[in-house]
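Shown next, in structure tokens, is the structure this report addresses.
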Amino acid sequence: MKQQKKRRDEEMDIITDYMVLEIEEGQIYSDKNILKTAIRFYAMIKNFQIRTNRSELREYMVTCVDENCNWFLGASKLKQIQTFKIRKYVNNHNCSLDVIMEDHMQATYNTIAQIVRNKYDSINRLHAPNDIMKDMLHEFWVFMGYQKAWRTRENALELSRGKLEDSYKQLPMYLHMLKKENLGTVTELFIDKKNRFKYMFLALSNSIRGWIHCRPVIAVDDTFLKTTYGRTLFTVSTMDANNHIFILVFGIGDSENDSSWEWFSNKLRETFEER
């Protein structure tokens with residue numbers, strides 16, 4: 001009998017997506033995090049709020065936020081695997097809280113980040129905190145403050161594109177491939193004594209070859225990068241024979257200071273020499 005029950009559990013479809021429109025007893029979720037996010041999402045779309053009664057390594061129990069309400073869900077971990085199965089589910093609300101209140105308890109920035117993460121798959125699309133606030137209000141009638149929406153955006157960006165610090169780790173490989181695929185490209189990566197990123201210089205081979213055909217005047221500019229780690233972006237451009245802007249160099253400095261400018265200027269002189 002136990003073997004038959006175990007076989008039935010293994011044959012059931014395992015839910016891997018948090019966007020569950022209906023919760024049923026016997027459902028199996030790929031892990032506890034998916035289960036928790038799915039329940040929070042379900043509470044949002046069904047206009048009620050929940051609270052966690054027990055959250056342990058092998059058990060997860062939630063009830064309606066109203067102590068007099070009968071709504072209840074209990075789940076536990078299947079043996080030797082990470083999946084969680086809903087063991088008991090009472091879908092019976094007898095409370096007066098079936099309306100979304102301001103600052104819905106389940107509308108945490110982590111949960112909402114899961115909902116909006118696909119909007120950041122393309123780097124060309126801008127989805128500001130105000131857009132997230134409008135989405136949540138129109139789709140789920142959830143009111144959000146700007147700070148919460150901003151944290152949601154940061155979390156969604158990380159879920160969609162990875163952590164910023166991981167991107168820094170990819171820089172050496174990225175610069176190596178640029179030089180390999182674009183012969184003549186000049187790159188330089190400078191790290192400090194603690195092995196942390198400090199400066200970067202990049203001049204593509206086409207820019208270097210094209211410089212001799214451009215006007216012998218360059219324009220150097222910088223702008224602050226609005227990211228968690230800050231930094232300053234340096235650019236050097238000139239005018240080509242058709243009076244179009246011709247980009248020569250990109251660079252990154254820790255800030256707009258004398259050391260950054262000196263390092264960047266020296267690399268610029270070494271690469272393009274004098275005319």
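Numbering starts fresh at 1 for the residues of each chain in the structure tokens, the chains themselves are lettered A, B, ... in the order given, and ligands are numbered from 1 as they appear.
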
- Query: How would you write, as a PyMOL selection string, the set of residues in range 47-253 of chain A that DSSP gives as helix (DSSP H, G or I)?
  - Reply: chain A and resi 109-120+129-140+146-161+164-181+205-213

Could you give me, as a tab-separated table, a per-residue list for range 107-217 of chain A showing, wherever an atom lies at most 7 Å from an atom of range 237-253 of chain A, the closest pair of atoms and their distance in Å to one decimal, using only C-alpha atoms and sorting by chain then residue number from low to high?
residue	atom	partner	partner_atom	distance
A:Lys198	CA	A:Gly253	CA	6.3
A:Tyr199	CA	A:Gly253	CA	4.8
A:Met200	CA	A:Ile252	CA	5.0
A:Phe201	CA	A:Gly251	CA	4.5
A:Leu202	CA	A:Phe250	CA	5.2
A:Ala203	CA	A:Val249	CA	4.7
A:Ser207	CA	A:Leu248	CA	5.1
A:Ile208	CA	A:Leu248	CA	6.9
A:His213	CA	A:Asp240	CA	6.8
A:Cys214	CA	A:Asp240	CA	4.3
A:Arg215	CA	A:Met239	CA	5.8
A:Val217	CA	A:Thr238	CA	6.2

Just N, CA and C atoms for this one: save the residues we selected as a short mmCIF file (atom, residue, chain, number, x, y, z; two decimals), in the first residue's frame.
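Once everything was written out, this is result.cif:
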data_model
loop_
_atom_site.label_atom_id
_atom_site.label_comp_id
_atom_site.auth_asym_id
_atom_site.auth_seq_id
_atom_site.Cartn_x
_atom_site.Cartn_y
_atom_site.Cartn_z
N LYS A 198 38.84 48.15 -10.54
CA LYS A 198 39.12 49.57 -10.34
C LYS A 198 38.94 50.36 -11.64
N TYR A 199 39.71 49.97 -12.70
CA TYR A 199 39.61 50.69 -13.97
C TYR A 199 39.46 49.69 -15.12
N MET A 200 38.88 50.18 -16.23
CA MET A 200 38.81 49.39 -17.45
C MET A 200 38.95 50.30 -18.67
N PHE A 201 39.63 49.81 -19.69
CA PHE A 201 39.84 50.56 -20.94
C PHE A 201 39.49 49.65 -22.11
N LEU A 202 38.76 50.20 -23.10
CA LEU A 202 38.36 49.41 -24.26
C LEU A 202 38.36 50.27 -25.51
N ALA A 203 39.17 49.85 -26.50
CA ALA A 203 39.20 50.49 -27.82
C ALA A 203 39.10 49.39 -28.87
N SER A 207 37.76 51.11 -34.38
CA SER A 207 37.96 52.49 -33.94
C SER A 207 39.41 52.92 -34.10
N ILE A 208 40.32 52.01 -33.77
CA ILE A 208 41.75 52.32 -33.88
C ILE A 208 42.14 52.53 -35.34
N HIS A 213 41.51 58.31 -40.34
CA HIS A 213 40.67 58.93 -41.37
C HIS A 213 39.72 59.97 -40.78
N CYS A 214 39.87 60.25 -39.50
CA CYS A 214 38.99 61.22 -38.83
C CYS A 214 39.72 62.54 -38.59
N ARG A 215 38.97 63.53 -38.19
CA ARG A 215 39.59 64.81 -37.85
C ARG A 215 40.49 64.63 -36.63
N VAL A 217 40.91 65.83 -33.90
CA VAL A 217 40.40 66.49 -32.69
C VAL A 217 39.50 65.48 -31.96
#

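Among the candidate residues A:Gln80, A:Ser259, A:Ser265, A:Thr152, the one lying nearest to Arg117 in chain A is A:Thr152, with distances computed using only C-alpha atoms.
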
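By only C-alpha atoms, and with residues fewer than 3 positions from Glu154 in chain A along its chain excluded, the set lying at most 12 Å from it is Tyr109, Asn110, Ile112, Ala113, Gln114, Val116, Arg117, Tyr120, His127, Ala128, Pro129, Ile132, Gln147, Lys148, Ala149, Trp150, Arg151, Leu157, Glu158, Leu159, Ser160, Arg161, Gly162, Lys163, Leu164, Thr227 and Thr228 of chain A.
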
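We find CA of Phe72 in chain A and CA of Lys32 in chain A to be spaced 16.9 Å apart.
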
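Within range 64-97 of chain A, DSSP run on the backbone puts these residues in strand (DSSP E): Cys64, Phe72, Leu73, Gly74, Ala75, Ser76, Lys77, Phe84, Lys85, Ile86, Arg87, Lys88, Tyr89 and Val90 of chain A.
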